[in-house]
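Engineer: Got a file for you: my_file20.cif, mmCIF, C-alpha atoms.
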data_model
#
loop_
_atom_site.label_atom_id
_atom_site.label_comp_id
_atom_site.auth_asym_id
_atom_site.auth_seq_id
_atom_site.Cartn_x
_atom_site.Cartn_y
_atom_site.Cartn_z
CA MET A 1 46.85 32.53 -35.94
CA GLU A 2 47.14 31.74 -32.24
CA SER A 3 45.88 34.47 -29.91
CA ALA A 4 47.99 35.60 -26.97
CA THR A 5 46.94 34.92 -23.41
CA PHE A 6 47.09 37.99 -21.22
CA LEU A 7 46.80 38.02 -17.44
CA THR A 8 44.96 41.28 -16.70
CA GLY A 9 42.81 40.71 -13.61
CA GLN A 10 44.78 37.68 -12.41
CA PHE A 11 47.42 37.18 -9.72
CA LEU A 12 51.03 36.18 -10.15
CA LEU A 13 52.51 34.10 -7.35
CA ALA A 14 56.27 33.87 -7.05
CA MET A 15 57.57 30.33 -7.11
CA PRO A 16 60.08 29.35 -4.42
CA GLY A 17 63.58 30.04 -5.70
CA ILE A 18 62.46 32.79 -8.11
CA GLY A 19 65.99 34.14 -7.89
CA ASP A 20 65.19 37.74 -6.96
CA PRO A 21 64.85 38.46 -3.22
CA ARG A 22 62.50 41.38 -3.94
CA PHE A 23 59.94 38.86 -5.19
CA GLU A 24 60.27 36.01 -2.66
CA ARG A 25 56.69 34.94 -1.80
CA ALA A 26 55.35 37.84 -3.89
CA VAL A 27 51.72 38.11 -4.86
CA ILE A 28 51.13 40.56 -7.69
CA ALA A 29 47.73 41.76 -8.87
CA ILE A 30 48.14 42.16 -12.64
CA CYS A 31 46.36 45.38 -13.56
CA ALA A 32 47.31 45.57 -17.22
CA HIS A 33 48.92 43.06 -19.57
CA ASP A 34 48.99 43.23 -23.34
CA SER A 35 51.44 42.93 -26.22
CA GLU A 36 53.23 46.11 -25.07
CA GLY A 37 54.00 44.92 -21.52
CA ALA A 38 52.46 44.54 -18.09
CA ILE A 39 52.02 46.35 -14.80
CA GLY A 40 51.11 44.82 -11.49
CA ILE A 41 50.78 45.87 -7.86
CA GLY A 42 52.31 43.76 -5.11
CA ILE A 43 49.75 42.74 -2.49
CA GLY A 44 51.68 40.05 -0.60
CA ALA A 45 53.70 42.22 1.77
CA THR A 46 53.17 45.41 3.72
CA ILE A 47 55.70 48.12 4.50
CA GLU A 48 56.58 47.74 8.15
CA GLY A 49 55.65 50.74 10.26
CA LEU A 50 53.76 52.58 7.51
CA GLY A 51 50.01 53.03 7.69
CA LEU A 52 47.42 54.91 5.68
CA HIS A 53 47.23 57.79 8.17
CA GLU A 54 50.92 58.59 7.70
CA VAL A 55 50.47 58.60 3.92
CA LEU A 56 47.44 60.89 4.27
CA ALA A 57 49.42 63.22 6.54
CA GLN A 58 52.13 63.55 3.87
CA PHE A 59 49.45 64.98 1.57
CA GLU A 60 47.82 67.02 4.35
CA ILE A 61 44.62 64.98 4.06
CA ASP A 62 42.56 64.60 7.24
CA PRO A 63 42.10 60.85 7.80
CA GLY A 64 38.55 61.30 9.08
CA ASP A 65 37.17 57.94 10.18
CA SER A 66 39.31 55.92 7.76
CA PRO A 67 41.17 52.99 9.31
CA ASP A 68 44.94 53.22 9.62
CA ALA A 69 45.34 50.26 7.26
CA PRO A 70 48.81 48.95 6.39
CA VAL A 71 50.42 50.13 3.16
CA HIS A 72 51.55 47.40 0.76
CA PHE A 73 54.91 47.03 -1.00
CA GLY A 74 53.57 47.41 -4.53
CA GLY A 75 56.87 46.64 -6.19
CA PRO A 76 60.39 47.83 -6.77
CA VAL A 77 59.57 50.35 -9.54
CA GLU A 78 58.91 53.92 -8.37
CA PRO A 79 58.55 52.96 -4.67
CA ARG A 80 57.35 56.46 -3.74
CA ARG A 81 54.46 56.36 -6.22
CA GLY A 82 51.14 55.34 -4.71
CA PHE A 83 48.28 53.25 -6.00
CA VAL A 84 44.90 52.19 -4.68
CA ILE A 85 43.39 48.88 -5.73
CA HIS A 86 39.70 49.06 -4.96
CA SER A 87 36.19 47.78 -5.53
CA ASN A 88 34.34 48.89 -8.65
CA ASP A 89 31.77 50.96 -6.72
CA TRP A 90 33.87 54.14 -6.96
CA SER A 91 35.74 55.78 -9.82
CA GLY A 92 38.02 58.80 -10.02
CA GLN A 93 39.58 60.75 -12.84
CA ASP A 94 42.38 58.23 -13.45
CA THR A 95 40.64 55.01 -12.43
CA ILE A 96 41.03 52.01 -14.70
CA ASP A 97 38.80 48.95 -14.62
CA VAL A 98 40.78 45.73 -14.27
CA ALA A 99 38.87 43.03 -16.17
CA GLY A 100 35.69 43.86 -14.23
CA ARG A 101 37.24 42.38 -11.06
CA TRP A 102 38.69 45.46 -9.35
CA SER A 103 39.85 48.97 -10.20
CA LEU A 104 43.17 50.77 -9.98
CA SER A 105 43.52 54.47 -9.19
CA GLY A 106 46.31 56.95 -8.70
CA THR A 107 46.27 57.77 -5.03
CA LEU A 108 45.40 61.42 -4.56
CA ASP A 109 41.70 61.57 -5.50
CA ALA A 110 41.19 58.01 -4.27
CA LEU A 111 42.87 58.81 -0.94
CA LYS A 112 40.76 61.93 -0.49
CA ALA A 113 37.60 59.93 -1.18
CA ILE A 114 38.60 57.17 1.26
CA ALA A 115 39.44 59.70 3.99
CA SER A 116 36.12 61.52 3.49
CA GLY A 117 34.14 58.27 3.66
CA LYS A 118 32.94 58.71 0.06
CA GLY A 119 35.39 56.33 -1.61
CA PRO A 120 35.25 52.68 -2.55
CA THR A 121 33.88 50.22 -0.01
CA ARG A 122 36.90 47.92 -0.33
CA TRP A 123 40.45 49.03 -1.01
CA LEU A 124 44.15 48.64 -0.34
CA VAL A 125 46.97 51.14 -0.73
CA ALA A 126 50.38 50.30 -2.18
CA LEU A 127 53.62 52.12 -2.93
CA GLY A 128 55.51 51.12 -6.07
CA TYR A 129 54.66 48.65 -8.78
CA ALA A 130 56.11 45.80 -10.82
CA GLY A 131 56.47 46.43 -14.51
CA TRP A 132 57.47 44.40 -17.54
CA GLY A 133 58.35 45.63 -21.02
CA GLU A 134 57.10 44.21 -24.31
CA GLY A 135 57.19 40.39 -24.13
CA GLN A 136 59.16 40.37 -20.87
CA LEU A 137 56.47 38.85 -18.64
CA ASP A 138 55.48 36.42 -21.38
CA GLY A 139 59.09 35.21 -21.48
CA GLU A 140 59.31 34.94 -17.70
CA LEU A 141 56.17 32.81 -17.66
CA THR A 142 57.92 30.18 -19.81
CA ARG A 143 60.61 29.69 -17.14
CA HIS A 144 60.55 28.79 -13.46
CA GLY A 145 59.53 31.82 -11.45
CA TRP A 146 55.85 32.71 -11.70
CA PHE A 147 52.55 30.88 -11.33
CA HIS A 148 49.30 32.64 -12.20
CA VAL A 149 45.89 32.14 -10.62
CA ARG A 150 42.40 33.50 -11.17
CA GLY A 151 41.82 37.03 -9.89
CA ASP A 152 39.44 36.16 -7.04
CA THR A 153 38.83 39.37 -5.08
CA ARG A 154 38.68 37.40 -1.82
CA LEU A 155 42.47 37.21 -2.07
CA LEU A 156 42.58 41.02 -2.25
CA TYR A 157 40.12 41.97 0.43
CA ASP A 158 39.44 38.98 2.69
CA THR A 159 42.95 37.57 3.15
CA GLU A 160 45.74 39.11 5.22
CA ALA A 161 48.79 40.18 3.19
CA ASP A 162 51.07 37.60 4.86
CA ASP A 163 48.63 34.80 3.99
CA ARG A 164 47.95 35.71 0.36
CA TRP A 165 50.83 33.73 -1.15
CA ALA A 166 49.89 30.37 0.42
CA SER A 167 46.17 31.11 -0.04
CA GLY A 168 46.68 31.83 -3.74
CA PHE A 169 48.31 28.45 -4.25
CA ALA A 170 45.68 26.74 -2.08
CA ALA A 171 42.92 28.19 -4.27
CA ALA A 172 44.62 26.45 -7.21
CA GLY A 173 44.72 23.18 -5.26
CA ILE A 174 48.44 23.41 -4.44
CA ASP A 175 50.00 23.05 -0.98
CA ALA A 176 52.72 25.74 -1.11
CA ARG A 177 54.74 23.86 1.54
CA LEU A 178 55.38 21.11 -1.02
CA LEU A 179 56.79 23.36 -3.76
CA ALA A 180 60.43 22.89 -4.75
CA ASN A 181 62.70 25.91 -5.00
CA GLN A 182 64.05 24.97 -8.43
CA ALA A 183 62.70 23.62 -11.67
CA GLY A 184 63.50 20.11 -12.76
CA THR A 185 64.53 18.79 -16.16
CA ALA A 186 63.25 15.83 -18.05
#
Would you encode the structure as C-alpha cells?

Structural biologist:
Amino acid sequence: MESATFLTGQFLLAMPGIGDPRFERAVIAICAHDSEGAIGIGIGATIEGLGLHEVLAQFEIDPGDSPDAPVHFGGPVEPRRGFVIHSNDWSGQDTIDVAGRWSLSGTLDALKAIASGKGPTRWLVALGYAGWGEGQLDGELTRHGWFHVRGDTRLLYDTEADDRWASGFAAAGIDARLLANQAGTA
C-alpha cells in the first residue's frame, strides 16, 4: 500500500494564474495536513494599515516593548480569527508543534506573552487561515495552482512578506519571473 504524502511544516506557493485572486502570489505555511484535510496560514501578504499594537489594543493588552509588526493576511477563512506562528522556544495552552519547524498558537495567550516580553523569540501574527477539507488539497496539488517547498524557517522570519513568494521559488532553484500563468498539455 502506498503511503500518502502530507505537507505539514512545508510552504505552498501559488503558481501564476492560480485562478483565485485571493491567492495570487500567496505563500501559505501548512500547519496541519492529514487524510482529514489541511490548514495553513498565509505569510505572503500583510494587511495594509494594521499593526500588532492595534490588535493588542483591541484586546486591551499593553504592547510593552513589543514592536508594532505588520499583521499578515492569513487567509480568507475566518478573517477576524488570529494566529501566531512562532519559534519553538515558547508554548501556550493551545500551541501545536508543526513538524518540529515552528509552532502555531491561538492569539490571546501568545499575544500576552509577546507583549510582556516573555513570549517566543521569533513570531508573526496573522488574521484568517486557509483550509481544505478531506482530500481537497491533495486534489488541488494534482492540477496547476500550487507548488510546495521545504519549510525553511528563514522564509518565515528572515524574509519580508512581499519577498517570500519569489524567495520560496528561488530556494527551489526556480526563477519566479519565468513561470507561465497556465499549465501546458502534452

Engineer: Which residues, written as a VMD selection string, have at least one atom at most 9 Å from Ile39 (chain A), with all atoms listed in the file counted and residues fewer than 4 positions away on the same chain left out?

Structural biologist: chain A and resid 8 29 to 33 129 to 133

Engineer: Please identify all polymer residues within 8 Å of Ala26 (chain A), counting all atoms listed in the file, omitting same-chain residues fewer than 6 positions from it, and present them as number ranges by chain.

Structural biologist: A: 12-14, 42-45, 165

Engineer: Taking into account all atoms listed in the file, which residue in the set A:Ile96, A:Leu137, A:Val55, A:Ala161 is nearest to Ala38 (chain A)?

Structural biologist: A:Leu137

Engineer: Evaluate the PyMOL selection byres ((chain A and resi 52) around 8) against this structure - the residues, as a list in words, please.

Structural biologist: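 On this input, the PyMOL selection byres ((chain A and resi 52) around 8) captures Leu50, Gly51, His53, Glu54, Val55, Leu56, Pro67, Asp68, Ala69, Pro70, Val71 and Val125 of chain A.
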
Engineer: Pull C-alpha atoms from the residues just selected and write them as a compact mmCIF listing (two decimals), keeping the file's coordinate frame.

Structural biologist:
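Ended up saving to selection_15.txt:
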# COMPACT_ATOMS: atom_id res chain seq x y z
CA LEU A 50 53.76 52.58 7.51
CA GLY A 51 50.01 53.03 7.69
CA HIS A 53 47.23 57.79 8.17
CA GLU A 54 50.92 58.59 7.70
CA VAL A 55 50.47 58.60 3.92
CA LEU A 56 47.44 60.89 4.27
CA PRO A 67 41.17 52.99 9.31
CA ASP A 68 44.94 53.22 9.62
CA ALA A 69 45.34 50.26 7.26
CA PRO A 70 48.81 48.95 6.39
CA VAL A 71 50.42 50.13 3.16
CA VAL A 125 46.97 51.14 -0.73

Engineer: Given the file shown, enumerate the residues that the PyMOL selection byres ((chain A and resi 92) around 12) captures and present them as a PyMOL selection string.

Structural biologist: chain A and resi 84+86+88-91+93-97+103-114+118-120

Engineer: Kindly export the residues of the current selection with C-alpha atoms, as an mmCIF file, in the frame of the given file.

Structural biologist:
data_model
loop_
_atom_site.group_PDB
_atom_site.id
_atom_site.type_symbol
_atom_site.label_atom_id
_atom_site.label_comp_id
_atom_site.auth_asym_id
_atom_site.auth_seq_id
_atom_site.Cartn_x
_atom_site.Cartn_y
_atom_site.Cartn_z
ATOM 1 C CA VAL A 84 44.900 52.190 -4.680
ATOM 2 C CA HIS A 86 39.700 49.060 -4.960
ATOM 3 C CA ASN A 88 34.340 48.890 -8.650
ATOM 4 C CA ASP A 89 31.770 50.960 -6.720
ATOM 5 C CA TRP A 90 33.870 54.140 -6.960
ATOM 6 C CA SER A 91 35.740 55.780 -9.820
ATOM 7 C CA GLN A 93 39.580 60.750 -12.840
ATOM 8 C CA ASP A 94 42.380 58.230 -13.450
ATOM 9 C CA THR A 95 40.640 55.010 -12.430
ATOM 10 C CA ILE A 96 41.030 52.010 -14.700
ATOM 11 C CA ASP A 97 38.800 48.950 -14.620
ATOM 12 C CA SER A 103 39.850 48.970 -10.200
ATOM 13 C CA LEU A 104 43.170 50.770 -9.980
ATOM 14 C CA SER A 105 43.520 54.470 -9.190
ATOM 15 C CA GLY A 106 46.310 56.950 -8.700
ATOM 16 C CA THR A 107 46.270 57.770 -5.030
ATOM 17 C CA LEU A 108 45.400 61.420 -4.560
ATOM 18 C CA ASP A 109 41.700 61.570 -5.500
ATOM 19 C CA ALA A 110 41.190 58.010 -4.270
ATOM 20 C CA LEU A 111 42.870 58.810 -0.940
ATOM 21 C CA LYS A 112 40.760 61.930 -0.490
ATOM 22 C CA ALA A 113 37.600 59.930 -1.180
ATOM 23 C CA ILE A 114 38.600 57.170 1.260
ATOM 24 C CA LYS A 118 32.940 58.710 0.060
ATOM 25 C CA GLY A 119 35.390 56.330 -1.610
ATOM 26 C CA PRO A 120 35.250 52.680 -2.550
#

Engineer: Using only C-alpha atoms for the distances, tell me which of A:Asp152, A:Glu24, A:Glu78, A:Asp158 is nearest to Gln10 (chain A).

Structural biologist: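 Looking only at the distances to Gln10 (chain A), the closest residue turns out to be A:Asp152.
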